[in-house]
Amino acid sequence: MSIAPKDRIYVALDTPDVGAAIAMAQQLAGYVGGVKLGKEFFVANGPDAVRAVGGLGMPVFLDLKFHDIPNTVAGAVRSALPSAPAILNVHAMGGSAMMRAAKEALGTGDGPAPMLIAVTVLTSLGDDDLAELGISVTAEQQVVRLAKLTQSCGLDGVVCSPREIGPIRDACGDDFKLIVPGIRPTWAATGDQKRITTPSDAIASGADYLVIGRPITSADDPVAAAKMIADEIGN
């Protein structure tokens with residue numbers, strides 16, 4: 001089924017301020033597909049605030065990157081389900097037992113299960129950073145390895161940088177979902193992410209959903225910025 005261009009966009013609300021997050025979500029309702037809430041927001045405000053944002057009717061990507069022993073991650077997934085996220089994630093580096101425990105925990109909720117995805121290699125990391133951590137392969141090779149492991153554990157997809165979209169598609173096929181941060185329109189600043197590309201190039205390469213923060217949230221007119229990005233994707 002075809003996805004409308006605007007519905008491919010998840011806006012990163014990287015703020016500890018509930019009021020600011022709700023105001024931005026309300027402003028962008030109808031112009032983007034959903035919002036992403038991460039650790040900064042969750043640690044400051046907790047699950048009630050996640051439900052408050054989700055109560056606006058926009059899908060929520062709850063970006064908490066669970067990474068712990070399998071039993072603890074399974075418990076964290078179960079605790080997240082009442083907030084009704086549309087997307088939930090774990091760290092693939094937690095290993096296969098942890099990812100399978102997370103997948104199994106999805107069946108304990110009352111409502112529809114969220115899409116469960118795994119983080120591979122953070123988009124702030126490059127080959128030199130991995131070498132510093134004792135990982136001797138390139139970022140691309142590590143991402144593909146972790147994506148294949150994630151798929152074998154029954155998860156729905158991975159977070160990856162734009163550069164790894166093609167290699168993951170080749171390794172994991174068309175049905176495996178790819179959620180891609182590191183998106184910067186040509187008119188936006190690069191920021192602190194190293195492996196980046198434009199929205200249209202990411203979609204053309206095979207991304208399913210784009211996570212975009214500051215190019216929209218820091219724009220003088222966030223709605224206009226979101227519309228520009230959706231138009232770019234659709235052309």
# chains A, B, ... in the order shown; residues from 1 in each chain; ligands from 1
>>> select_by_dssp(residues="segment 10-134 of chain A", states="helix (DSSP H, G or I)", output="PyMOL selection string")
chain A and resi 18-28+39-45+47-54+70-83+92-94+96-108+127-132
>>> residues_around(residues="segment 38-52 of chain A", least_positions_apart="6", cutoff="8 Å", atoms="only C-alpha atoms", output="list in words")
Ala12, Leu13, Asp14, Thr15, Pro16, Asp17, Val18, Ile22, Leu62, Asp63, Leu64, Ala80, Ser83 and Ala84 of chain A
>>> write_last_selection(atoms="N, CA and C atoms", output="PDB file, in the first residue's frame")
ATOM      1  N   ALA A  12      10.919  14.835  15.123  1.00  0.00           N
ATOM      2  CA  ALA A  12      11.578  14.625  16.412  1.00  0.00           C
ATOM      3  C   ALA A  12      11.323  15.823  17.324  1.00  0.00           C
ATOM      4  N   LEU A  13      10.603  15.590  18.414  1.00  0.00           N
ATOM      5  CA  LEU A  13      10.328  16.641  19.393  1.00  0.00           C
ATOM      6  C   LEU A  13      11.330  16.491  20.532  1.00  0.00           C
ATOM      7  N   ASP A  14      12.537  16.942  20.292  1.00  0.00           N
ATOM      8  CA  ASP A  14      13.626  16.774  21.253  1.00  0.00           C
ATOM      9  C   ASP A  14      13.624  17.925  22.246  1.00  0.00           C
ATOM     10  N   THR A  15      12.711  17.834  23.199  1.00  0.00           N
ATOM     11  CA  THR A  15      12.547  18.870  24.211  1.00  0.00           C
ATOM     12  C   THR A  15      12.058  18.227  25.503  1.00  0.00           C
ATOM     13  N   PRO A  16      12.433  18.770  26.657  1.00  0.00           N
ATOM     14  CA  PRO A  16      11.874  18.277  27.914  1.00  0.00           C
ATOM     15  C   PRO A  16      10.564  18.977  28.286  1.00  0.00           C
ATOM     16  N   ASP A  17      10.138  19.911  27.469  1.00  0.00           N
ATOM     17  CA  ASP A  17       8.988  20.765  27.780  1.00  0.00           C
ATOM     18  C   ASP A  17       7.719  20.161  27.178  1.00  0.00           C
ATOM     19  N   VAL A  18       6.818  19.664  28.034  1.00  0.00           N
ATOM     20  CA  VAL A  18       5.580  19.045  27.552  1.00  0.00           C
ATOM     21  C   VAL A  18       4.734  20.039  26.759  1.00  0.00           C
ATOM     22  N   ILE A  22       3.569  19.545  22.917  1.00  0.00           N
ATOM     23  CA  ILE A  22       2.164  19.493  22.536  1.00  0.00           C
ATOM     24  C   ILE A  22       1.836  20.601  21.538  1.00  0.00           C
ATOM     25  N   LEU A  62       8.145   6.060  20.004  1.00  0.00           N
ATOM     26  CA  LEU A  62       8.743   6.188  21.330  1.00  0.00           C
ATOM     27  C   LEU A  62      10.183   5.669  21.248  1.00  0.00           C
ATOM     28  N   ASP A  63      11.101   6.600  21.163  1.00  0.00           N
ATOM     29  CA  ASP A  63      12.504   6.327  20.834  1.00  0.00           C
ATOM     30  C   ASP A  63      13.327   6.232  22.115  1.00  0.00           C
ATOM     31  N   LEU A  64      13.220   5.087  22.807  1.00  0.00           N
ATOM     32  CA  LEU A  64      13.921   4.906  24.077  1.00  0.00           C
ATOM     33  C   LEU A  64      15.104   3.952  23.956  1.00  0.00           C
ATOM     34  N   ALA A  80       5.872  -0.023  28.353  1.00  0.00           N
ATOM     35  CA  ALA A  80       5.651   1.008  27.341  1.00  0.00           C
ATOM     36  C   ALA A  80       4.321   0.837  26.610  1.00  0.00           C
ATOM     37  N   SER A  83       1.172   3.194  26.805  1.00  0.00           N
ATOM     38  CA  SER A  83       1.282   4.504  26.157  1.00  0.00           C
ATOM     39  C   SER A  83       0.916   4.451  24.685  1.00  0.00           C
ATOM     40  N   ALA A  84       0.647   3.247  24.163  1.00  0.00           N
ATOM     41  CA  ALA A  84       0.180   3.030  22.796  1.00  0.00           C
ATOM     42  C   ALA A  84       1.078   3.655  21.727  1.00  0.00           C
TER      43      ALA A  84
END
>>> select_by_dssp(residues="segment 18-127 of chain A", states="strand (DSSP E or B)", output="number ranges by chain")
A: 29, 32, 34-38, 60-66, 87-91, 115-119
>>> residues_around(residues="Gln27 of chain A", least_positions_apart="5", cutoff="12 Å", atoms="only C-alpha atoms", output="list in words")
Val11, Ala20, Ala21, Ile22, Val32, Gly34, Val35, Leu56, Met58, Ile216, Thr217, Asp221, Pro222, Val223, Ala224, Ala225 and Ala226 of chain A
>>> closest_residue(among="A:Lys65, A:Arg163, A:Lys36, A:His91", to="Ile212 of chain A", atoms="only C-alpha atoms")
A:Lys36
>>> decode(residues="segment 20-129 of chain A", atoms="C-alpha atoms", output="mmCIF file, in the first residue's frame")
data_model
loop_
_atom_site.group_PDB
_atom_site.id
_atom_site.type_symbol
_atom_site.label_atom_id
_atom_site.label_comp_id
_atom_site.auth_asym_id
_atom_site.auth_seq_id
_atom_site.Cartn_x
_atom_site.Cartn_y
_atom_site.Cartn_z
ATOM 1 C CA ALA A 20 6.241 22.961 23.794
ATOM 2 C CA ALA A 21 5.962 19.385 22.500
ATOM 3 C CA ILE A 22 2.164 19.493 22.536
ATOM 4 C CA ALA A 23 2.089 22.907 20.867
ATOM 5 C CA MET A 24 4.426 21.741 18.086
ATOM 6 C CA ALA A 25 2.465 18.519 17.588
ATOM 7 C CA GLN A 26 -0.789 20.453 17.381
ATOM 8 C CA GLN A 27 0.730 22.883 14.898
ATOM 9 C CA LEU A 28 1.985 20.089 12.650
ATOM 10 C CA ALA A 29 -1.093 17.845 12.852
ATOM 11 C CA GLY A 30 -2.184 16.968 9.348
ATOM 12 C CA TYR A 31 1.154 17.982 7.833
ATOM 13 C CA VAL A 32 3.307 15.079 9.086
ATOM 14 C CA GLY A 33 2.723 11.419 9.800
ATOM 15 C CA GLY A 34 3.698 11.396 13.469
ATOM 16 C CA VAL A 35 6.092 12.555 16.158
ATOM 17 C CA LYS A 36 9.145 11.035 17.811
ATOM 18 C CA LEU A 37 9.609 11.338 21.553
ATOM 19 C CA GLY A 38 12.994 10.392 22.953
ATOM 20 C CA LYS A 39 14.902 10.024 26.191
ATOM 21 C CA GLU A 40 15.093 13.750 26.984
ATOM 22 C CA PHE A 41 11.319 14.069 26.877
ATOM 23 C CA PHE A 42 10.593 10.754 28.597
ATOM 24 C CA VAL A 43 13.056 11.154 31.476
ATOM 25 C CA ALA A 44 11.777 14.657 32.213
ATOM 26 C CA ASN A 45 8.081 13.833 32.014
ATOM 27 C CA GLY A 46 7.320 10.097 32.033
ATOM 28 C CA PRO A 47 4.634 8.009 30.346
ATOM 29 C CA ASP A 48 1.729 10.332 31.189
ATOM 30 C CA ALA A 49 3.283 12.994 28.989
ATOM 31 C CA VAL A 50 3.739 10.466 26.165
ATOM 32 C CA ARG A 51 0.045 9.664 26.419
ATOM 33 C CA ALA A 52 -0.786 13.371 26.406
ATOM 34 C CA VAL A 53 1.032 13.856 23.111
ATOM 35 C CA GLY A 54 -0.385 10.634 21.682
ATOM 36 C CA GLY A 55 -3.841 11.757 22.724
ATOM 37 C CA LEU A 56 -3.670 14.442 20.055
ATOM 38 C CA GLY A 57 -4.255 11.684 17.516
ATOM 39 C CA MET A 58 -0.787 11.568 15.992
ATOM 40 C CA PRO A 59 1.204 8.313 15.900
ATOM 41 C CA VAL A 60 4.116 8.338 18.348
ATOM 42 C CA PHE A 61 7.536 6.813 17.778
ATOM 43 C CA LEU A 62 8.743 6.188 21.330
ATOM 44 C CA ASP A 63 12.504 6.327 20.834
ATOM 45 C CA LEU A 64 13.921 4.906 24.077
ATOM 46 C CA LYS A 65 16.431 2.458 22.536
ATOM 47 C CA PHE A 66 16.066 -0.262 25.166
ATOM 48 C CA HIS A 67 19.379 -2.072 25.729
ATOM 49 C CA ASP A 68 19.725 -4.360 28.733
ATOM 50 C CA ILE A 69 19.434 -8.013 29.704
ATOM 51 C CA PRO A 70 16.499 -9.771 27.985
ATOM 52 C CA ASN A 71 14.217 -9.920 31.035
ATOM 53 C CA THR A 72 14.662 -6.205 31.765
ATOM 54 C CA VAL A 73 14.011 -5.188 28.155
ATOM 55 C CA ALA A 74 10.916 -7.381 28.009
ATOM 56 C CA GLY A 75 9.638 -5.655 31.127
ATOM 57 C CA ALA A 76 10.389 -2.240 29.654
ATOM 58 C CA VAL A 77 8.447 -3.119 26.496
ATOM 59 C CA ARG A 78 5.474 -4.291 28.541
ATOM 60 C CA SER A 79 5.593 -1.060 30.554
ATOM 61 C CA ALA A 80 5.651 1.008 27.341
ATOM 62 C CA LEU A 81 2.593 -0.634 25.770
ATOM 63 C CA PRO A 82 -0.065 1.319 27.773
ATOM 64 C CA SER A 83 1.282 4.504 26.157
ATOM 65 C CA ALA A 84 0.180 3.030 22.796
ATOM 66 C CA PRO A 85 3.251 3.921 20.722
ATOM 67 C CA ALA A 86 3.055 3.290 16.984
ATOM 68 C CA ILE A 87 6.792 2.518 16.866
ATOM 69 C CA LEU A 88 9.060 1.255 19.654
ATOM 70 C CA ASN A 89 12.755 0.467 19.481
ATOM 71 C CA VAL A 90 15.591 -1.493 21.063
ATOM 72 C CA HIS A 91 19.343 -1.656 20.437
ATOM 73 C CA ALA A 92 20.354 -4.491 18.113
ATOM 74 C CA MET A 93 23.672 -4.663 19.975
ATOM 75 C CA GLY A 94 21.698 -6.141 22.878
ATOM 76 C CA GLY A 95 21.766 -9.399 20.944
ATOM 77 C CA SER A 96 19.289 -11.943 19.646
ATOM 78 C CA ALA A 97 17.980 -13.159 23.018
ATOM 79 C CA MET A 98 17.166 -9.601 24.035
ATOM 80 C CA MET A 99 15.437 -8.798 20.744
ATOM 81 C CA ARG A 100 13.364 -11.978 20.831
ATOM 82 C CA ALA A 101 12.310 -11.204 24.410
ATOM 83 C CA ALA A 102 11.216 -7.730 23.307
ATOM 84 C CA LYS A 103 9.237 -9.193 20.417
ATOM 85 C CA GLU A 104 7.519 -11.706 22.684
ATOM 86 C CA ALA A 105 6.589 -8.973 25.164
ATOM 87 C CA LEU A 106 4.577 -7.167 22.477
ATOM 88 C CA GLY A 107 1.902 -9.826 22.775
ATOM 89 C CA THR A 108 1.075 -8.835 26.348
ATOM 90 C CA GLY A 109 -0.689 -5.558 25.461
ATOM 91 C CA ASP A 110 -4.417 -4.977 25.001
ATOM 92 C CA GLY A 111 -4.276 -2.852 21.852
ATOM 93 C CA PRO A 112 -2.529 -3.168 18.500
ATOM 94 C CA ALA A 113 1.142 -4.025 18.825
ATOM 95 C CA PRO A 114 3.541 -1.262 17.846
ATOM 96 C CA MET A 115 6.073 -1.669 15.087
ATOM 97 C CA LEU A 116 9.193 -2.981 16.819
ATOM 98 C CA ILE A 117 12.471 -1.881 15.292
ATOM 99 C CA ALA A 118 16.122 -1.962 16.284
ATOM 100 C CA VAL A 119 18.804 0.696 16.322
ATOM 101 C CA THR A 120 21.898 -0.437 14.441
ATOM 102 C CA VAL A 121 24.713 2.158 14.509
ATOM 103 C CA LEU A 122 23.924 5.668 15.717
ATOM 104 C CA THR A 123 24.054 8.248 12.929
ATOM 105 C CA SER A 124 26.533 10.288 14.981
ATOM 106 C CA LEU A 125 29.112 7.488 14.609
ATOM 107 C CA GLY A 126 31.472 6.915 11.705
ATOM 108 C CA ASP A 127 34.110 4.291 10.911
ATOM 109 C CA ASP A 128 36.710 5.940 13.166
ATOM 110 C CA ASP A 129 34.285 5.929 16.088
#
